[in-house]
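Below is upload.cif, holding mmCIF, C-alpha atoms.
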```
data_target
loop_
_atom_site.label_atom_id
_atom_site.label_comp_id
_atom_site.auth_asym_id
_atom_site.auth_seq_id
_atom_site.Cartn_x
_atom_site.Cartn_y
_atom_site.Cartn_z
CA MET A 1 -21.54 17.48 -8.01
CA ASN A 2 -18.55 17.85 -5.66
CA TYR A 3 -16.69 15.46 -3.39
CA VAL A 4 -15.46 15.19 0.16
CA VAL A 5 -12.50 12.81 0.06
CA VAL A 6 -11.57 11.33 3.46
CA THR A 7 -8.23 9.61 4.13
CA ASN A 8 -6.04 8.87 7.11
CA SER A 9 -3.01 10.60 5.53
CA CYS A 10 -2.93 14.04 3.93
CA PRO A 11 -1.53 14.71 0.45
CA PHE A 12 1.13 16.85 2.11
CA SER A 13 2.18 18.01 5.58
CA HIS A 14 3.73 21.13 7.06
CA GLU A 15 6.91 20.26 8.96
CA LYS A 16 8.75 22.54 11.39
CA ILE A 17 12.51 22.04 11.15
CA GLY A 18 14.25 24.48 13.47
CA ASN A 19 13.13 27.94 12.43
CA ARG A 20 12.05 26.76 8.99
CA GLU A 21 8.80 25.34 7.73
CA LEU A 22 8.77 22.86 4.85
CA ASN A 23 6.10 20.93 2.96
CA SER A 24 6.46 17.14 2.96
CA ILE A 25 4.67 15.48 0.02
CA ASN A 26 2.88 12.15 0.38
CA VAL A 27 3.96 10.34 -2.80
CA GLY A 28 1.84 7.19 -2.33
CA GLY A 29 -0.25 5.88 -5.21
CA VAL A 30 -3.59 6.48 -3.50
CA ALA A 31 -2.69 10.08 -2.62
CA THR A 32 -1.50 10.77 -6.18
CA ALA A 33 -4.70 9.40 -7.74
CA LEU A 34 -6.98 11.23 -5.32
CA ASN A 35 -5.09 14.49 -5.76
CA SER A 36 -5.68 14.29 -9.50
CA MET A 37 -9.33 13.41 -8.99
CA ILE A 38 -10.26 16.14 -6.51
CA ASN A 39 -8.42 18.82 -8.49
CA LYS A 40 -10.60 17.83 -11.44
CA TYR A 41 -13.96 17.64 -9.66
CA GLY A 42 -13.41 20.07 -6.76
CA GLY A 43 -14.52 19.77 -3.14
CA THR A 44 -12.85 19.09 0.21
CA TRP A 45 -10.15 16.69 1.39
CA VAL A 46 -10.39 15.68 5.07
CA CYS A 47 -7.34 13.98 6.60
CA TRP A 48 -5.25 13.63 9.76
CA GLY A 49 -2.77 16.47 10.17
CA LYS A 50 0.29 14.54 11.35
CA GLY A 51 2.90 17.15 10.44
CA THR A 52 4.70 19.04 13.20
CA GLY A 53 3.45 22.32 11.71
CA ASP A 54 -0.05 21.22 10.68
CA LYS A 55 -1.87 22.79 13.67
CA LYS A 56 -1.51 26.19 11.99
CA TYR A 57 -3.21 24.83 8.85
CA GLU A 58 -6.40 23.09 9.96
CA SER A 59 -8.03 24.52 6.84
CA GLU A 60 -6.32 25.76 3.67
CA ASN A 61 -7.12 26.18 0.01
CA VAL A 62 -5.14 23.99 -2.40
CA LYS A 63 -5.58 24.53 -6.15
CA ASN A 64 -9.18 23.45 -6.88
CA TYR A 65 -10.11 22.09 -3.44
CA LYS A 66 -10.09 22.80 0.29
CA LEU A 67 -7.87 20.76 2.62
CA LYS A 68 -9.19 20.25 6.17
CA ARG A 69 -7.04 18.56 8.80
CA VAL A 70 -8.14 16.63 11.87
CA ILE A 71 -5.67 17.37 14.68
CA LEU A 72 -5.16 14.59 17.24
CA GLU A 73 -3.79 14.68 20.77
CA LYS A 74 -1.00 12.28 21.71
CA HIS A 75 -3.33 9.79 23.47
CA GLU A 76 -5.68 9.86 20.46
CA LYS A 77 -2.84 9.07 18.07
CA THR A 78 -1.76 6.18 20.30
CA GLY A 79 -5.21 4.62 20.70
CA PHE A 80 -6.52 5.29 17.20
CA TYR A 81 -3.43 4.65 15.08
CA ASP A 82 -0.87 2.61 17.02
CA GLU A 83 -3.11 0.38 19.11
CA PHE A 84 -6.34 -0.21 17.15
CA SER A 85 -5.63 0.57 13.48
CA ASN A 86 -2.17 -1.05 13.47
CA GLY A 87 -2.35 -3.28 16.57
CA VAL A 88 -5.73 -4.86 15.80
CA LEU A 89 -7.02 -4.17 12.29
CA TRP A 90 -3.75 -4.35 10.32
CA PRO A 91 -2.74 -7.84 11.57
CA LEU A 92 -6.37 -9.00 11.44
CA PHE A 93 -6.77 -8.16 7.75
CA HIS A 94 -3.39 -9.72 6.90
CA TYR A 95 -4.06 -13.04 8.72
CA PHE A 96 -1.40 -12.43 11.40
CA ARG A 97 -3.38 -13.78 14.35
CA GLN A 98 -0.40 -13.73 16.70
CA ASN A 99 0.03 -9.97 16.21
CA ILE A 100 -3.57 -9.01 17.08
CA LYS A 101 -3.74 -7.21 20.44
CA ILE A 102 -7.41 -7.04 21.45
CA SER A 103 -8.11 -3.77 23.29
CA HIS A 104 -11.55 -2.39 24.20
CA SER A 105 -10.08 0.90 25.41
CA SER A 106 -8.24 1.54 22.13
CA TYR A 107 -11.45 0.84 20.17
CA LYS A 108 -13.18 3.62 22.12
CA VAL A 109 -10.41 6.04 21.15
CA TYR A 110 -10.58 4.79 17.54
CA TYR A 111 -14.35 5.41 17.48
CA ASN A 112 -13.98 8.90 18.94
CA VAL A 113 -11.32 9.81 16.37
CA ASN A 114 -13.61 8.56 13.61
CA ARG A 115 -16.26 10.87 15.10
CA LYS A 116 -13.81 13.78 14.81
CA PHE A 117 -13.40 12.98 11.13
CA ALA A 118 -17.18 12.73 10.65
CA TYR A 119 -17.81 16.13 12.25
CA LYS A 120 -15.13 17.68 10.02
CA ILE A 121 -16.85 16.11 6.98
CA MET A 122 -20.21 17.59 7.98
CA GLU A 123 -18.80 21.13 7.86
CA ASP A 124 -18.60 21.05 4.05
CA LEU A 125 -21.66 19.17 2.85
CA TYR A 126 -24.11 20.27 0.16
CA ASN A 127 -27.06 18.33 -1.22
CA ASP A 128 -25.02 17.05 -4.18
CA THR A 129 -21.83 16.27 -2.24
CA VAL A 130 -20.54 12.71 -2.50
CA ILE A 131 -18.49 11.50 0.50
CA TRP A 132 -15.63 9.16 -0.43
CA VAL A 133 -14.00 7.45 2.60
CA HIS A 134 -10.83 5.35 2.41
CA ASP A 135 -9.55 2.35 4.28
CA TYR A 136 -9.41 0.51 7.57
CA GLN A 137 -8.54 3.44 9.83
CA LEU A 138 -11.95 5.07 9.16
CA THR A 139 -14.49 2.23 9.24
CA MET A 140 -16.93 3.88 11.69
CA ILE A 141 -17.45 7.09 9.71
CA PRO A 142 -20.49 5.86 7.67
CA GLU A 143 -22.41 4.92 10.83
CA ILE A 144 -21.57 8.18 12.62
CA LEU A 145 -22.63 10.23 9.60
CA ARG A 146 -25.96 8.38 9.27
CA GLU A 147 -26.64 8.75 13.02
CA ASN A 148 -26.19 12.50 12.55
CA GLY A 149 -28.77 12.62 9.77
CA VAL A 150 -26.41 12.75 6.78
CA LYS A 151 -28.20 11.42 3.71
CA ASN A 152 -25.49 12.13 1.12
CA LYS A 153 -24.13 9.29 -0.97
CA ILE A 154 -21.19 7.55 0.75
CA ILE A 155 -18.49 5.57 -1.08
CA PHE A 156 -16.12 3.42 0.98
CA THR A 157 -12.95 2.14 -0.71
CA TRP A 158 -11.04 -0.68 0.99
CA HIS A 159 -7.33 -0.79 0.12
CA ILE A 160 -6.02 -3.79 2.11
CA PRO A 161 -7.07 -7.47 1.96
CA TRP A 162 -10.45 -8.55 3.31
CA VAL A 163 -10.24 -11.84 5.19
CA SER A 164 -12.52 -14.85 5.54
CA PRO A 165 -15.67 -14.52 7.70
CA GLU A 166 -14.41 -16.75 10.50
CA PHE A 167 -11.10 -14.89 10.76
CA PHE A 168 -12.75 -11.46 10.72
CA SER A 169 -14.98 -12.54 13.61
CA ILE A 170 -11.96 -12.85 15.92
CA ILE A 171 -12.31 -9.27 17.11
CA PRO A 172 -15.16 -8.24 19.46
CA GLU A 173 -15.93 -5.17 17.31
CA ALA A 174 -16.53 -7.20 14.13
CA LYS A 175 -20.31 -6.64 14.05
CA ASN A 176 -19.96 -2.90 14.75
CA ILE A 177 -17.54 -2.47 11.85
CA MET A 178 -19.72 -4.42 9.43
CA GLU A 179 -22.84 -2.48 10.43
CA SER A 180 -21.02 0.79 9.80
CA LEU A 181 -19.49 -0.16 6.44
CA ALA A 182 -22.88 -1.44 5.24
CA LYS A 183 -24.31 2.07 5.71
CA SER A 184 -22.21 3.11 2.69
CA ASP A 185 -24.05 3.25 -0.63
CA ILE A 186 -21.05 1.93 -2.58
CA ILE A 187 -18.11 -0.20 -1.42
CA THR A 188 -15.10 -0.92 -3.65
CA PHE A 189 -12.26 -3.42 -3.42
CA HIS A 190 -9.13 -4.12 -5.48
CA THR A 191 -9.79 -7.83 -6.16
CA GLU A 192 -12.75 -10.13 -6.64
CA LEU A 193 -11.51 -12.30 -3.75
CA TYR A 194 -11.68 -9.41 -1.26
CA LYS A 195 -15.13 -8.46 -2.55
CA LYS A 196 -16.33 -12.05 -2.16
CA ASN A 197 -14.86 -12.32 1.35
CA PHE A 198 -16.65 -9.13 2.38
CA ILE A 199 -20.03 -10.34 1.09
CA ASP A 200 -19.52 -13.75 2.73
CA THR A 201 -18.60 -12.01 6.01
CA TYR A 202 -21.75 -9.92 5.93
CA LYS A 203 -23.87 -13.04 5.31
CA TYR A 204 -22.02 -14.86 8.11
CA ILE A 205 -22.81 -12.12 10.63
CA PHE A 206 -26.28 -10.95 9.51
CA GLU A 207 -27.55 -13.96 7.49
CA ASN A 208 -28.52 -11.82 4.49
CA LYS A 209 -26.86 -9.84 1.70
CA PRO A 210 -25.61 -6.28 2.13
CA GLU A 211 -27.74 -3.59 0.48
CA SER A 212 -24.66 -1.60 -0.57
CA LYS A 213 -23.54 -1.82 -4.19
CA ILE A 214 -20.18 -3.56 -4.20
CA TYR A 215 -17.57 -3.33 -6.97
CA THR A 216 -14.06 -4.44 -7.84
CA PHE A 217 -11.88 -1.66 -9.26
CA PRO A 218 -8.11 -2.27 -8.87
CA LEU A 219 -6.12 0.92 -8.34
CA GLY A 220 -3.66 1.75 -11.11
CA VAL A 221 -0.60 3.99 -11.31
CA ASP A 222 -0.05 7.25 -13.14
CA ASN A 223 1.54 5.42 -16.04
CA LYS A 224 2.15 8.61 -18.02
CA TYR A 225 4.31 9.95 -15.19
CA TYR A 226 6.26 6.69 -14.84
CA SER A 227 6.49 5.95 -18.55
CA TYR A 228 8.02 9.34 -19.34
CA ALA A 229 9.93 9.85 -16.10
CA HIS A 230 13.44 11.10 -16.72
CA GLY A 231 15.25 8.94 -14.19
CA LYS A 232 18.67 7.77 -15.31
CA LYS A 233 20.09 4.36 -14.61
CA MET A 234 22.00 4.17 -11.34
CA ASN A 235 25.78 4.39 -11.55
CA LEU A 236 26.42 1.50 -9.19
CA TYR A 237 29.95 0.65 -8.15
CA ASN A 238 31.45 -2.56 -9.51
CA ILE A 239 28.42 -3.79 -11.49
CA ASN A 240 30.24 -4.84 -14.66
CA ASP A 241 27.94 -7.42 -16.29
CA LYS A 242 26.10 -8.42 -13.09
CA LYS A 243 22.32 -8.78 -13.03
CA ILE A 244 20.57 -6.29 -10.74
CA ILE A 245 17.71 -7.53 -8.56
CA PHE A 246 15.73 -4.81 -6.79
CA SER A 247 13.00 -4.50 -4.17
CA ILE A 248 11.52 -1.68 -2.11
CA ASP A 249 9.15 -2.13 0.83
CA ARG A 250 8.12 -0.58 4.10
CA LEU A 251 9.49 -2.38 7.14
CA ASP A 252 6.53 -4.63 7.91
CA TYR A 253 5.92 -8.26 8.81
CA THR A 254 3.55 -8.64 5.82
CA LYS A 255 6.29 -7.95 3.24
CA GLY A 256 8.19 -11.26 3.39
CA LEU A 257 11.57 -9.54 3.76
CA ILE A 258 13.40 -12.31 5.58
CA ASN A 259 12.02 -14.94 3.18
CA ARG A 260 13.71 -13.04 0.34
CA VAL A 261 17.05 -13.05 2.15
CA LEU A 262 16.64 -16.79 2.73
CA ALA A 263 15.95 -17.23 -1.00
CA ILE A 264 19.21 -15.44 -1.89
CA GLU A 265 21.05 -17.63 0.63
CA ARG A 266 19.58 -20.85 -0.78
CA LEU A 267 20.27 -19.74 -4.35
CA LEU A 268 23.97 -19.27 -3.60
CA LYS A 269 24.25 -22.52 -1.69
CA ARG A 270 22.53 -24.51 -4.41
CA TYR A 271 24.09 -22.73 -7.39
CA PRO A 272 27.56 -21.46 -6.39
CA GLU A 273 28.15 -20.50 -10.04
CA TYR A 274 25.95 -17.44 -9.34
CA ILE A 275 28.45 -16.03 -6.85
CA ASN A 276 29.59 -12.63 -8.16
CA LYS A 277 26.95 -12.78 -10.94
CA PHE A 278 24.22 -10.56 -9.44
CA ILE A 279 23.58 -7.86 -6.84
CA TYR A 280 20.35 -7.74 -4.83
CA ILE A 281 19.56 -4.13 -3.89
CA MET A 282 17.13 -4.29 -0.99
CA ASN A 283 15.63 -0.93 -0.01
CA VAL A 284 13.58 -0.95 3.20
CA THR A 285 11.71 2.21 4.17
CA PRO A 286 11.54 2.96 7.92
CA SER A 287 8.13 2.32 9.45
CA ARG A 288 6.79 2.43 13.03
CA SER A 289 10.36 2.74 14.27
CA THR A 290 9.30 3.13 17.93
CA VAL A 291 7.17 -0.05 18.04
CA ALA A 292 8.92 -2.97 19.77
CA ASP A 293 7.77 -5.59 17.21
CA TYR A 294 9.24 -3.53 14.37
CA ILE A 295 12.51 -2.88 16.18
CA SER A 296 12.85 -6.65 16.70
CA MET A 297 11.93 -7.35 13.06
CA LYS A 298 14.57 -4.92 11.81
CA ARG A 299 17.21 -6.54 14.00
CA GLU A 300 16.29 -10.04 12.76
CA LEU A 301 16.35 -8.90 9.11
CA GLU A 302 19.74 -7.23 9.44
CA MET A 303 21.21 -10.26 11.20
CA ALA A 304 20.02 -12.48 8.32
CA ILE A 305 21.51 -10.11 5.73
CA GLY A 306 24.77 -9.96 7.67
CA ARG A 307 24.95 -13.76 7.83
CA VAL A 308 24.42 -14.18 4.08
CA ASN A 309 26.85 -11.43 3.13
CA GLY A 310 29.38 -12.76 5.62
CA GLU A 311 29.26 -16.25 4.13
CA PHE A 312 29.27 -15.42 0.42
CA SER A 313 30.96 -12.03 -0.06
CA THR A 314 34.27 -11.75 -1.88
CA ILE A 315 36.75 -8.86 -1.73
CA ASN A 316 34.91 -6.97 -4.47
CA TRP A 317 31.35 -8.26 -4.14
CA SER A 318 28.50 -8.80 -1.68
CA PRO A 319 25.23 -10.42 -2.76
CA ILE A 320 22.91 -8.04 -0.85
CA ARG A 321 23.16 -4.26 -0.74
CA TYR A 322 20.79 -3.26 2.02
CA MET A 323 19.50 0.29 2.47
CA TYR A 324 17.28 1.25 5.40
CA ARG A 325 16.07 4.70 4.41
CA LYS A 326 13.45 6.63 2.51
CA ILE A 327 14.49 7.49 -1.05
CA LYS A 328 13.29 10.22 -3.41
CA SER A 329 10.87 9.42 -6.22
CA SER A 330 13.52 10.26 -8.83
CA THR A 331 15.97 7.85 -7.18
CA LEU A 332 13.33 5.11 -7.09
CA ILE A 333 12.65 5.56 -10.79
CA SER A 334 16.39 5.23 -11.45
CA TYR A 335 16.43 1.92 -9.61
CA TYR A 336 13.43 0.74 -11.63
CA LYS A 337 15.29 1.64 -14.84
CA THR A 338 18.48 -0.10 -13.67
CA ALA A 339 16.98 -3.32 -12.34
CA ASP A 340 16.94 -6.46 -14.47
CA ILE A 341 14.58 -8.12 -11.99
CA ALA A 342 12.07 -6.74 -9.47
CA LEU A 343 11.58 -9.13 -6.55
CA ILE A 344 8.14 -8.18 -5.16
CA THR A 345 7.11 -11.02 -2.85
CA PRO A 346 4.91 -9.89 0.07
CA LEU A 347 3.34 -12.58 2.22
CA ILE A 348 0.05 -10.78 1.61
CA ASP A 349 -0.75 -7.35 0.16
CA GLY A 350 -3.96 -5.53 -0.69
CA LEU A 351 -2.60 -4.54 -4.09
CA ASN A 352 1.10 -3.53 -4.36
CA LEU A 353 1.67 -0.56 -6.62
CA VAL A 354 5.45 -1.06 -6.70
CA SER A 355 4.89 -3.95 -9.10
CA LYS A 356 2.92 -1.67 -11.44
CA GLU A 357 5.39 1.21 -11.14
CA PHE A 358 8.28 -1.08 -12.08
CA ILE A 359 6.48 -2.33 -15.18
CA SER A 360 5.65 1.24 -16.23
CA VAL A 361 9.33 2.26 -16.05
CA THR A 362 11.37 -0.80 -17.04
CA GLU A 363 12.39 -1.35 -20.65
CA ASN A 364 13.61 -4.94 -20.39
CA GLY A 365 12.97 -6.10 -16.81
CA VAL A 366 11.35 -9.21 -15.33
CA LEU A 367 8.82 -9.01 -12.51
CA ILE A 368 8.75 -11.74 -9.86
CA LEU A 369 5.51 -11.28 -7.94
CA SER A 370 3.87 -12.94 -4.95
CA ARG A 371 0.64 -14.78 -5.71
CA PHE A 372 -0.72 -13.16 -2.52
CA ALA A 373 -0.30 -9.59 -3.79
CA GLY A 374 -3.57 -8.13 -5.04
CA SER A 375 -1.86 -6.99 -8.25
CA ALA A 376 -1.12 -10.63 -9.13
CA TYR A 377 -4.77 -11.12 -10.10
CA THR A 378 -4.27 -8.99 -13.22
CA MET A 379 -0.48 -9.21 -13.80
CA LYS A 380 -0.51 -12.76 -15.13
CA ASP A 381 2.67 -12.32 -17.20
CA ALA A 382 4.84 -11.79 -14.15
CA LEU A 383 6.62 -14.82 -12.69
CA ILE A 384 4.10 -15.63 -9.95
CA VAL A 385 5.49 -17.33 -6.81
CA ASN A 386 4.38 -18.50 -3.39
CA PRO A 387 6.63 -16.41 -1.09
CA TYR A 388 6.48 -19.03 1.64
CA ASP A 389 8.10 -21.53 -0.75
CA ILE A 390 11.77 -20.54 -0.71
CA ASP A 391 12.66 -23.07 -3.42
CA ALA A 392 9.98 -21.63 -5.73
CA THR A 393 11.44 -18.16 -5.26
CA VAL A 394 14.94 -19.47 -6.04
CA ASN A 395 13.63 -21.10 -9.20
CA ALA A 396 11.92 -17.88 -10.27
CA ILE A 397 15.11 -15.86 -9.76
CA THR A 398 17.22 -18.27 -11.81
CA ARG A 399 14.54 -18.37 -14.51
CA ALA A 400 14.45 -14.56 -14.63
CA ILE A 401 18.25 -14.35 -14.88
CA LYS A 402 18.32 -16.79 -17.81
CA MET A 403 15.12 -15.61 -19.54
CA PRO A 404 15.56 -14.98 -23.30
CA ASP A 405 15.01 -11.42 -24.50
CA SER A 406 12.13 -12.52 -26.71
CA GLU A 407 10.21 -13.89 -23.70
CA LYS A 408 10.99 -10.81 -21.62
CA LYS A 409 9.63 -8.53 -24.34
CA GLU A 410 6.45 -10.54 -24.79
CA ARG A 411 5.70 -10.64 -21.06
CA LEU A 412 6.52 -6.96 -20.67
CA LYS A 413 4.31 -5.97 -23.60
CA ASN A 414 1.31 -7.72 -22.07
CA LEU A 415 1.96 -6.28 -18.61
CA LYS A 416 2.37 -2.74 -19.93
CA GLU A 417 -0.87 -2.97 -21.93
CA ASP A 418 -2.86 -3.82 -18.81
CA ILE A 419 -1.26 -1.05 -16.75
CA GLU A 420 -1.75 1.56 -19.46
CA THR A 421 -5.43 0.63 -19.81
CA LYS A 422 -6.27 0.44 -16.09
CA ASN A 423 -4.27 3.37 -14.75
CA SER A 424 -5.01 5.70 -11.82
CA GLU A 425 -7.30 7.90 -13.93
CA TRP A 426 -9.28 4.83 -15.09
CA TRP A 427 -9.66 3.82 -11.41
CA TYR A 428 -11.14 7.02 -10.05
CA LYS A 429 -13.28 7.59 -13.16
CA LYS A 430 -14.85 4.13 -12.75
CA ILE A 431 -15.74 4.90 -9.13
CA VAL A 432 -17.02 8.39 -9.95
CA SER A 433 -19.15 6.95 -12.76
CA VAL A 434 -20.98 4.51 -10.45
CA ALA A 435 -21.35 7.23 -7.80
CA GLU A 436 -23.05 9.57 -10.24
CA LYS A 437 -25.62 7.09 -11.50
#
```
Could you spell out this file's structure in structure tokens?
Amino acid sequence: MNYVVVTNSCPFSHEKIGNRELNSINVGGVATALNSMINKYGGTWVCWGKGTGDKKYESENVKNYKLKRVILEKHEKTGFYDEFSNGVLWPLFHYFRQNIKISHSSYKVYYNVNRKFAYKIMEDLYNDTVIWVHDYQLTMIPEILRENGVKNKIIFTWHIPWVSPEFFSIIPEAKNIMESLAKSDIITFHTELYKKNFIDTYKYIFENKPESKIYTFPLGVDNKYYSYAHGKKMNLYNINDKKIIFSIDRLDYTKGLINRVLAIERLLKRYPEYINKFIYIMNVTPSRSTVADYISMKRELEMAIGRVNGEFSTINWSPIRYMYRKIKSSTLISYYKTADIALITPLIDGLNLVSKEFISVTENGVLILSRFAGSAYTMKDALIVNPYDIDATVNAITRAIKMPDSEKKERLKNLKEDIETKNSEWWYKKIVSVAEK
């Protein structure tokens, strides 16, 4: 049995920089897990070739599998990715009604791009091939494959939240998407809530249960890599005995970035004795930097940070060290090792692998985690907060700062046990096992 893995992003891209050509690695948790899986089982990986040099490499052999890239024209990228995937589906599945921009024309482009993916899939099918499709950008692939006579087993894994039936029904294409997803043999989610919402949505639209087999398998991290990573603690200027709070997120309205800045502000106003006692290192990775909403969000975030630092900084100290840039994996691991507290408080998140990576690396850290992150369903020994409640976040930070070592160790032991048991290998093996029944 072999697999065709289908994702929006490729495991790596070819980038043209002047006269040189470099490979850019996708270091995301999903890509890492799938790379391990397909190297073990063999097959084909179909993905969107976004790199500036990818046109030369529509098909290439990589270790134990073949990589096949879908190449999009500029208008296809705009309609498929910017306008429908991220202008309609992303805000829809994160409950941001005000950000949904209904567009019939962009749905047509989205559908046609999904057809491009489906045709690329059909080039490498054998009788025993299992097709494993991932996430919201590719919802129409199951239907297109079935319409073209493909009878192979299809797995669809959903990586972001699934919303309530009434909310999902906002978009005109709701029924089309559900009909397509239901043509998958197996559908997997990261939490029981998302699984339940999907089943309830299907019943709401069709008044019966889906025939697909539906499972909950939360994605894990490569804990062996993170546990034995050789990152050193950061040599940060003027730390002395200050507590280090750390976060890393993409620039996105779902991440609760400004709420965190407001929590730091309220903490210092309420407890002035914490002035000069901690440093909050806030790393924000650039995302959709040409989209007006994101440009405005970045400006608002930086104004809030500037206001807080302006009010509370001393000659030798500022409460927030803000970095707007992508950092290397080795640097990230060093921050995980250095941090006393990880402040991971998205307003909503399908899973959030940063929380699991931090626990894998840290030796004595405390995790503050949003109750609306998918990972919170299994990481019960984190300090769980409602990110909309600024006071609750302040209380969690002060509790983490004062937490006795004995409590830290007990919480960390329990969190590490769960992550070591349900790691990335456990995740893909569970899905492969149900696919091969």
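In this comparison, which uses all atoms listed in the file, the residue of A:Ser313, A:Lys255, A:Lys337, A:Ile320 approaching Leu369 (chain A) most closely is A:Lys255.
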From A:Ile401, A:Glu311, A:Glu166, A:Leu367, residue lying nearest Lys269 (chain A) [only C-alpha atoms]: A:Glu311
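In this model, the gap between CA of Asp391 (chain A) and CA of Ser375 (chain A) comes to 22.2 Å.
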Just say which residues the PyMOL selection byres ((chain A and resi 109) around 10) picks in this file, as a list in words. His75, Glu76, Lys77, Thr78, Gly79, Phe80, Tyr81, Glu83, Phe84, His104, Ser105, Ser106, Tyr107, Lys108, Tyr110, Tyr111, Asn112, Val113, Asn114 and Arg115 of chain A
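When the PyMOL selection byres ((chain A and resi 55-67) around 6) is evaluated on the file shown here, the picked residues come out as Asn39, Gly42, Gly43, Thr44, Trp45, Gly53, Asp54, Lys68 and Arg69 of chain A.
Going from CA of Leu353 (chain A) over to CA of Pro165 (chain A), you cover 26.5 Å.
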Any chance you could resolve the PyMOL selection byres ((chain A and resi 205-216) around 9) against this file and give the residues as a compact mmCIF listing (two decimals) with C-alpha atoms, in the coordinates of the input?
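New file selection.txt:
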```txt
# COMPACT_ATOMS: atom_id res chain seq x y z
CA PRO A 165 -15.67 -14.52 7.70
CA SER A 169 -14.98 -12.54 13.61
CA ALA A 174 -16.53 -7.20 14.13
CA LYS A 175 -20.31 -6.64 14.05
CA MET A 178 -19.72 -4.42 9.43
CA LEU A 181 -19.49 -0.16 6.44
CA ALA A 182 -22.88 -1.44 5.24
CA LYS A 183 -24.31 2.07 5.71
CA SER A 184 -22.21 3.11 2.69
CA ASP A 185 -24.05 3.25 -0.63
CA ILE A 186 -21.05 1.93 -2.58
CA ILE A 187 -18.11 -0.20 -1.42
CA THR A 188 -15.10 -0.92 -3.65
CA PHE A 189 -12.26 -3.42 -3.42
CA HIS A 190 -9.13 -4.12 -5.48
CA THR A 191 -9.79 -7.83 -6.16
CA GLU A 192 -12.75 -10.13 -6.64
CA TYR A 194 -11.68 -9.41 -1.26
CA LYS A 195 -15.13 -8.46 -2.55
CA ILE A 199 -20.03 -10.34 1.09
CA ASP A 200 -19.52 -13.75 2.73
CA THR A 201 -18.60 -12.01 6.01
CA TYR A 202 -21.75 -9.92 5.93
CA LYS A 203 -23.87 -13.04 5.31
CA TYR A 204 -22.02 -14.86 8.11
CA PHE A 217 -11.88 -1.66 -9.26
CA PRO A 218 -8.11 -2.27 -8.87
CA ILE A 431 -15.74 4.90 -9.13
```
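Of note, CA of Ser164 (chain A) and CA of Asn197 (chain A) are spaced 5.4 Å apart.
Of the residues listed (A:Ile368, A:Leu343, A:Val163, A:Val130), A:Val130 shows the shortest atom-to-atom separation from Val150 (chain A); distances use all atoms listed in the file.
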Shell of 9 Å around Leu125 (chain A), all atoms listed in the file, local chain residues under 2 positions omitted, as a VMD selection string: chain A and resid 3 to 4 121 to 123 127 to 131 150 152
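The shortest atom-to-atom distance to Glu15 (chain A), with all atoms listed in the file taken into account, belongs to A:Lys50 out of A:Thr331, A:Ala339, A:Arg399, A:Lys50.
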Which residues of region 305-384 of chain A have any atom within 8 Å of an atom in region 244-252 of chain A when counting all atoms listed in the file, and what is the closest pair of atoms for each, with the distance in Å to one decimal? Order the rows by chain and rising number and write it as JSON lines.
```
{"residue": "A:Tyr335", "atom": "CA", "partner": "A:Phe246", "partner_atom": "CA", "distance": 7.3}
{"residue": "A:Tyr336", "atom": "CA", "partner": "A:Phe246", "partner_atom": "CA", "distance": 7.7}
{"residue": "A:Thr338", "atom": "CA", "partner": "A:Ile244", "partner_atom": "CA", "distance": 7.2}
{"residue": "A:Ala339", "atom": "CA", "partner": "A:Ile244", "partner_atom": "CA", "distance": 4.9}
{"residue": "A:Asp340", "atom": "CA", "partner": "A:Ile244", "partner_atom": "CA", "distance": 5.2}
{"residue": "A:Ile341", "atom": "CA", "partner": "A:Ile245", "partner_atom": "CA", "distance": 4.7}
{"residue": "A:Ala342", "atom": "CA", "partner": "A:Phe246", "partner_atom": "CA", "distance": 4.9}
{"residue": "A:Leu343", "atom": "CA", "partner": "A:Ser247", "partner_atom": "CA", "distance": 5.4}
{"residue": "A:Ile344", "atom": "CA", "partner": "A:Ser247", "partner_atom": "CA", "distance": 6.2}
{"residue": "A:Val354", "atom": "CA", "partner": "A:Ile248", "partner_atom": "CA", "distance": 7.6}
```
Using all atoms listed in the file, the shortest atom-to-atom distance to Asn386 (chain A) among A:Val6, A:Ile333, A:Ala263, A:Ile295 belongs to A:Ala263
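Minimum atom-to-atom distance to Ala118 (chain A), evaluated using all atoms listed in the file, belongs to A:Gly149 out of A:Gly87, A:Gly149, A:Gly256, A:Pro387.
Neighbours of Asn414 (chain A) closer than or equal to 12 Å, with all atoms listed in the file counted and sequence neighbours fewer than 4 positions away skipped, come out as Ile359, Ser360, Thr378, Met379, Lys380, Asp381, Ala382, Glu407, Lys408, Lys409, Glu410, Asp418, Ile419, Glu420 and Thr421 of chain A.
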Since the input lacks atoms, please generate N, CA and C atoms for region 375-379 of chain A and provide them as an mmCIF file, in the coordinates of the input.
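File rebuild14.cif, as written:
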```cif
data_model
loop_
_atom_site.group_PDB
_atom_site.id
_atom_site.type_symbol
_atom_site.label_atom_id
_atom_site.label_comp_id
_atom_site.auth_asym_id
_atom_site.auth_seq_id
_atom_site.Cartn_x
_atom_site.Cartn_y
_atom_site.Cartn_z
ATOM 1 N N SER A 375 -2.178 -7.276 -6.838
ATOM 2 C CA SER A 375 -1.860 -6.990 -8.250
ATOM 3 C C SER A 375 -1.641 -8.249 -9.065
ATOM 4 N N ALA A 376 -1.356 -9.385 -8.408
ATOM 5 C CA ALA A 376 -1.120 -10.630 -9.130
ATOM 6 C C ALA A 376 -2.354 -11.129 -9.871
ATOM 7 N N TYR A 377 -3.540 -10.678 -9.461
ATOM 8 C CA TYR A 377 -4.770 -11.120 -10.100
ATOM 9 C C TYR A 377 -4.883 -10.620 -11.541
ATOM 10 N N THR A 378 -4.219 -9.505 -11.851
ATOM 11 C CA THR A 378 -4.270 -8.990 -13.220
ATOM 12 C C THR A 378 -2.916 -9.062 -13.927
ATOM 13 N N MET A 379 -1.821 -9.225 -13.193
ATOM 14 C CA MET A 379 -0.480 -9.210 -13.800
ATOM 15 C C MET A 379 -0.014 -10.642 -14.055
#
```
